[in-house]
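Take a look at the structure set out below.
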Amino acid sequence: MADACNSRSLSWLVKPCRPDPRREIIARPSLEIVHHHHNLRPSAVASASAAAPIVSLPDDLLLECLSRVPPSSLPALPLVCRRFSLLLDSPAFLRLRRAHGRLRRTLHALALSDLGLLSSASLPVDAPLASAWAPSSASAVVPLEALDGSFSFSHARVAAVGRSIYIIGRGATLRYDTWTGAVAPRAPTIFPRKKFAAAAIGGKIYVAGGAARTSAVEEYDPTADAWRVVAEAPRQRYGCVGAVAGGVFYIAGGLRVGGGGGEGGRLDAHVCAGSMDAYNVEAGAWVRGRPGAGAVAGAAAAVPGGGCVVGACGTGVHVYVVASHAVELSFWRWEARARRGGGGEWARLEPPPISARAGLGGALRFSCAAVGEEKVVALVHVSVGCGGGGRRGSDAVAVEGAVLVYDIKGGEWARGPDLPPGLRRAAVACVEF
């Protein structure tokens, strides 16, 4: 240390300490400004200092800053201003988070009671999988008085757009903010629906089926809070499920319902439970399937060997389908061909590890969600399960609220943490932030 203390080596330190007349002249105005602030009211001082440089940044630079914020600090940002809230809901925000390696995925299970109490729980799904769900501290109270007309959230569908999950019921729609836990009513679908298909594509939500008097496909714009009809489906389906893959909205399973086929306007139901219709959102056209053995006329695809589609979700260019065959379950992957002419290929995968006896005497309900391109999560419920002799079977109890996770790369199912009590008939959605 003593060897380094010489006049030449300390010149950089001594030089800044010498008085500089120019520095003093420049400093005086700033001191006057400080004294002037002492004469102002506290509110005026706060408003004068509130004009932070970040507010004046253009959207692209501001998004770069917001995309680097730690996940724990994100929930407070939408409260800053409306501009922040809109940018955080934009697809560009998620793309930047993904590019910077900061994107986090969380599963949310939502259950809405008839009294308007929304219970929820979250589960981080980035590797390694969390050991337990984290229930929300309190149930959110849905403002039912703000909803017009008759409505029902029985068999409601959920779709995630940004940080928000939209709960779409019959005659009512709710927006659930996963960051703050706030619930707000939104515009209902144009046509009342029940047991319909729903999915989110490109920041918008599409619904189809579940209405006996129309085959309309509706599109919801969260920014405008408005629904509009974009197409007419080739079939009226009831009890169907929705999935998205490659920019295509798939409507799978259910019963085919058509008017005018019976005397006095009676509805005729035709089973098309194993088929899928496909709507290309960007092209605004239906994808036509190629004829083949077992194919349903006009359908984009049909599950080989029949069966009833009970759950579906999509990721990338693939659609993953759970089908029921009365005494067993099957699991399939559909990959649509990119070339013109439609068609695609089915691949049979390992079935979910659920005993066939669990569904006997009752009904299995699935809610499926894709976690990126790595996992498929199936939330399983059984409404009534009876084993032999009319007693409630142990298998039925075992799958109530079960969470099954399929590793796409490994090709294997694993049991995840079960849902906490109080979330019966919950639906699941994956949120990225």
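Residues are referred to by chain and number: the chain letter is A, B, ... according to the order shown in the structure tokens, the number counts from 1 in that chain, and ligands are numbered separately from 1 in the order shown.
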
Hey, what's within 10 Å of Glu219 (chain A) if we count only C-alpha atoms and toss same-chain stuff fewer than 5 positions away? As a VMD selection string, please? chain A and resid 189 to 190 198 to 201 204 to 208 226 to 231 281

Just to be explicit: take each residue in the selection above, keep N, CA, C and O atoms, and write the result as a PDB file, in the first residue's frame.
ATOM      1  N   THR A 189     -71.468 -13.792 -23.774  1.00  0.00           N
ATOM      2  CA  THR A 189     -71.525 -14.209 -25.173  1.00  0.00           C
ATOM      3  C   THR A 189     -72.853 -13.762 -25.801  1.00  0.00           C
ATOM      4  O   THR A 189     -73.848 -13.562 -25.101  1.00  0.00           O
ATOM      5  N   ILE A 190     -72.833 -13.617 -27.110  1.00  0.00           N
ATOM      6  CA  ILE A 190     -74.050 -13.182 -27.803  1.00  0.00           C
ATOM      7  C   ILE A 190     -75.154 -14.213 -27.634  1.00  0.00           C
ATOM      8  O   ILE A 190     -76.314 -13.873 -27.375  1.00  0.00           O
ATOM      9  N   ALA A 198     -64.070 -23.635 -25.927  1.00  0.00           N
ATOM     10  CA  ALA A 198     -63.493 -22.300 -25.775  1.00  0.00           C
ATOM     11  C   ALA A 198     -61.977 -22.414 -25.776  1.00  0.00           C
ATOM     12  O   ALA A 198     -61.414 -23.379 -25.246  1.00  0.00           O
ATOM     13  N   ALA A 199     -61.318 -21.425 -26.379  1.00  0.00           N
ATOM     14  CA  ALA A 199     -59.863 -21.388 -26.414  1.00  0.00           C
ATOM     15  C   ALA A 199     -59.415 -19.987 -26.772  1.00  0.00           C
ATOM     16  O   ALA A 199     -60.174 -19.205 -27.368  1.00  0.00           O
ATOM     17  N   ALA A 200     -58.176 -19.656 -26.407  1.00  0.00           N
ATOM     18  CA  ALA A 200     -57.601 -18.337 -26.675  1.00  0.00           C
ATOM     19  C   ALA A 200     -56.546 -18.453 -27.759  1.00  0.00           C
ATOM     20  O   ALA A 200     -55.690 -19.343 -27.722  1.00  0.00           O
ATOM     21  N   ILE A 201     -56.620 -17.537 -28.733  1.00  0.00           N
ATOM     22  CA  ILE A 201     -55.661 -17.485 -29.834  1.00  0.00           C
ATOM     23  C   ILE A 201     -55.297 -16.029 -30.083  1.00  0.00           C
ATOM     24  O   ILE A 201     -56.181 -15.197 -30.315  1.00  0.00           O
ATOM     25  N   LYS A 204     -57.164 -13.239 -28.223  1.00  0.00           N
ATOM     26  CA  LYS A 204     -58.619 -13.225 -28.312  1.00  0.00           C
ATOM     27  C   LYS A 204     -59.166 -14.602 -27.970  1.00  0.00           C
ATOM     28  O   LYS A 204     -58.449 -15.607 -28.060  1.00  0.00           O
ATOM     29  N   ILE A 205     -60.443 -14.651 -27.595  1.00  0.00           N
ATOM     30  CA  ILE A 205     -61.079 -15.891 -27.159  1.00  0.00           C
ATOM     31  C   ILE A 205     -62.137 -16.289 -28.182  1.00  0.00           C
ATOM     32  O   ILE A 205     -62.891 -15.434 -28.666  1.00  0.00           O
ATOM     33  N   TYR A 206     -62.179 -17.581 -28.485  1.00  0.00           N
ATOM     34  CA  TYR A 206     -63.151 -18.116 -29.444  1.00  0.00           C
ATOM     35  C   TYR A 206     -63.987 -19.191 -28.751  1.00  0.00           C
ATOM     36  O   TYR A 206     -63.453 -20.025 -28.004  1.00  0.00           O
ATOM     37  N   VAL A 207     -65.290 -19.154 -29.009  1.00  0.00           N
ATOM     38  CA  VAL A 207     -66.206 -20.147 -28.440  1.00  0.00           C
ATOM     39  C   VAL A 207     -67.086 -20.691 -29.556  1.00  0.00           C
ATOM     40  O   VAL A 207     -67.379 -20.004 -30.539  1.00  0.00           O
ATOM     41  N   ALA A 208     -67.510 -21.947 -29.395  1.00  0.00           N
ATOM     42  CA  ALA A 208     -68.395 -22.594 -30.366  1.00  0.00           C
ATOM     43  C   ALA A 208     -69.119 -23.727 -29.665  1.00  0.00           C
ATOM     44  O   ALA A 208     -68.624 -24.302 -28.684  1.00  0.00           O
ATOM     45  N   ALA A 226     -65.970  -6.972 -26.083  1.00  0.00           N
ATOM     46  CA  ALA A 226     -67.091  -7.164 -27.006  1.00  0.00           C
ATOM     47  C   ALA A 226     -66.943  -8.493 -27.729  1.00  0.00           C
ATOM     48  O   ALA A 226     -65.824  -8.943 -28.031  1.00  0.00           O
ATOM     49  N   TRP A 227     -68.090  -9.136 -27.994  1.00  0.00           N
ATOM     50  CA  TRP A 227     -68.162 -10.378 -28.758  1.00  0.00           C
ATOM     51  C   TRP A 227     -68.683 -10.079 -30.164  1.00  0.00           C
ATOM     52  O   TRP A 227     -69.449  -9.138 -30.354  1.00  0.00           O
ATOM     53  N   ARG A 228     -68.273 -10.893 -31.122  1.00  0.00           N
ATOM     54  CA  ARG A 228     -68.820 -10.806 -32.469  1.00  0.00           C
ATOM     55  C   ARG A 228     -68.788 -12.185 -33.111  1.00  0.00           C
ATOM     56  O   ARG A 228     -67.947 -13.033 -32.763  1.00  0.00           O
ATOM     57  N   VAL A 229     -69.699 -12.415 -34.053  1.00  0.00           N
ATOM     58  CA  VAL A 229     -69.765 -13.686 -34.768  1.00  0.00           C
ATOM     59  C   VAL A 229     -68.790 -13.634 -35.934  1.00  0.00           C
ATOM     60  O   VAL A 229     -68.804 -12.689 -36.733  1.00  0.00           O
ATOM     61  N   VAL A 230     -67.932 -14.656 -36.032  1.00  0.00           N
ATOM     62  CA  VAL A 230     -66.926 -14.681 -37.087  1.00  0.00           C
ATOM     63  C   VAL A 230     -67.148 -15.816 -38.085  1.00  0.00           C
ATOM     64  O   VAL A 230     -66.578 -15.793 -39.182  1.00  0.00           O
ATOM     65  N   ALA A 231     -67.951 -16.824 -37.736  1.00  0.00           N
ATOM     66  CA  ALA A 231     -68.151 -17.948 -38.660  1.00  0.00           C
ATOM     67  C   ALA A 231     -69.344 -18.764 -38.188  1.00  0.00           C
ATOM     68  O   ALA A 231     -69.862 -18.584 -37.077  1.00  0.00           O
ATOM     69  N   VAL A 281     -58.134 -19.433 -37.773  1.00  0.00           N
ATOM     70  CA  VAL A 281     -58.515 -18.083 -37.352  1.00  0.00           C
ATOM     71  C   VAL A 281     -58.001 -17.032 -38.318  1.00  0.00           C
ATOM     72  O   VAL A 281     -58.728 -16.106 -38.703  1.00  0.00           O
TER      73      VAL A 281
END

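Proximity of A:Ser154, A:Ser56, A:Ser73, A:Thr223 to Leu112 (chain A), computed with only C-alpha atoms, is greatest for A:Ser154.
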
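For the set A:Arg425, A:His318, A:Arg170, A:Arg256, the residue with the smallest atom-to-atom gap to Val376 (chain A) is A:His318, counting only C-alpha atoms.
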
Would you please give, as a ChimeraX atom specification, all residues of region 169-332 of chain A that DSSP assigns to strand (DSSP E or B) based on the backbone? /A:169-170,172-177,183-186,197-201,204-208,216-221,226-232,237-238,241-245,248-252,255-258,268-271,275-280,285-287,301-302,308-315,318-324,329-332

Quick one: residues within 9 Å of Ser152 (chain A), only C-alpha atoms counted, chain neighbours fewer than 4 positions away excluded, as an mmCIF file with N, CA and C atoms, in the first residue's frame?
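Output (around_13.cif):
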data_model
loop_
_atom_site.group_PDB
_atom_site.id
_atom_site.type_symbol
_atom_site.label_atom_id
_atom_site.label_comp_id
_atom_site.auth_asym_id
_atom_site.auth_seq_id
_atom_site.Cartn_x
_atom_site.Cartn_y
_atom_site.Cartn_z
ATOM 1 N N ASP A 114 -72.480 -21.491 -6.583
ATOM 2 C CA ASP A 114 -73.726 -20.842 -6.965
ATOM 3 C C ASP A 114 -73.972 -19.553 -6.186
ATOM 4 N N ALA A 156 -68.897 -24.080 -16.770
ATOM 5 C CA ALA A 156 -68.261 -22.928 -17.406
ATOM 6 C C ALA A 156 -66.906 -23.325 -17.994
ATOM 7 N N GLY A 169 -69.506 -18.417 -18.727
ATOM 8 C CA GLY A 169 -70.648 -19.241 -18.382
ATOM 9 C C GLY A 169 -71.818 -18.978 -19.314
ATOM 10 N N ARG A 170 -72.947 -19.477 -18.913
ATOM 11 C CA ARG A 170 -74.169 -19.274 -19.699
ATOM 12 C C ARG A 170 -74.756 -17.905 -19.370
ATOM 13 N N GLY A 171 -74.610 -16.965 -20.287
ATOM 14 C CA GLY A 171 -75.146 -15.629 -20.099
ATOM 15 C C GLY A 171 -74.304 -14.714 -19.240
ATOM 16 N N ALA A 172 -73.065 -15.069 -18.944
ATOM 17 C CA ALA A 172 -72.211 -14.216 -18.111
ATOM 18 C C ALA A 172 -70.748 -14.568 -18.352
ATOM 19 N N LYS A 194 -73.792 -23.612 -23.040
ATOM 20 C CA LYS A 194 -73.475 -24.503 -21.941
ATOM 21 C C LYS A 194 -72.765 -25.724 -22.507
#

Pick out the residues sitting within 9 Å of Ile165 (chain A), and hand them over as a PyMOL selection string; count only C-alpha atoms, and ignore anything fewer than 6 positions along from it in its own chain. chain A and resi 108+158-159+174-178+429-431

Find the residues around Ser119 (chain A) up to 9 Å (only C-alpha atoms counted), leave out those fewer than 5 positions away in its own chain, and share them as a PyMOL selection string. chain A and resi 109-113+135-136+138-140+422-423+426

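Taking only C-alpha atoms, the non-local environment of Asp277 (chain A) within 7 Å (same-chain residues fewer than 5 positions away omitted) comprises Tyr250, Ile251, Ala252, Ala299 and Ala300 of chain A.
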
Dump of C-alpha atoms for the selected residues, as a PDB file, in the first residue's frame:
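Result file is selection17.pdb:
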ATOM      1  CA  TYR A 250     -60.384 -27.161 -32.710  1.00  0.00           C
ATOM      2  CA  ILE A 251     -63.898 -28.088 -31.564  1.00  0.00           C
ATOM      3  CA  ALA A 252     -63.823 -31.688 -30.380  1.00  0.00           C
ATOM      4  CA  ALA A 299     -64.837 -33.147 -39.932  1.00  0.00           C
ATOM      5  CA  ALA A 300     -61.142 -32.249 -39.868  1.00  0.00           C
TER       6      ALA A 300
END
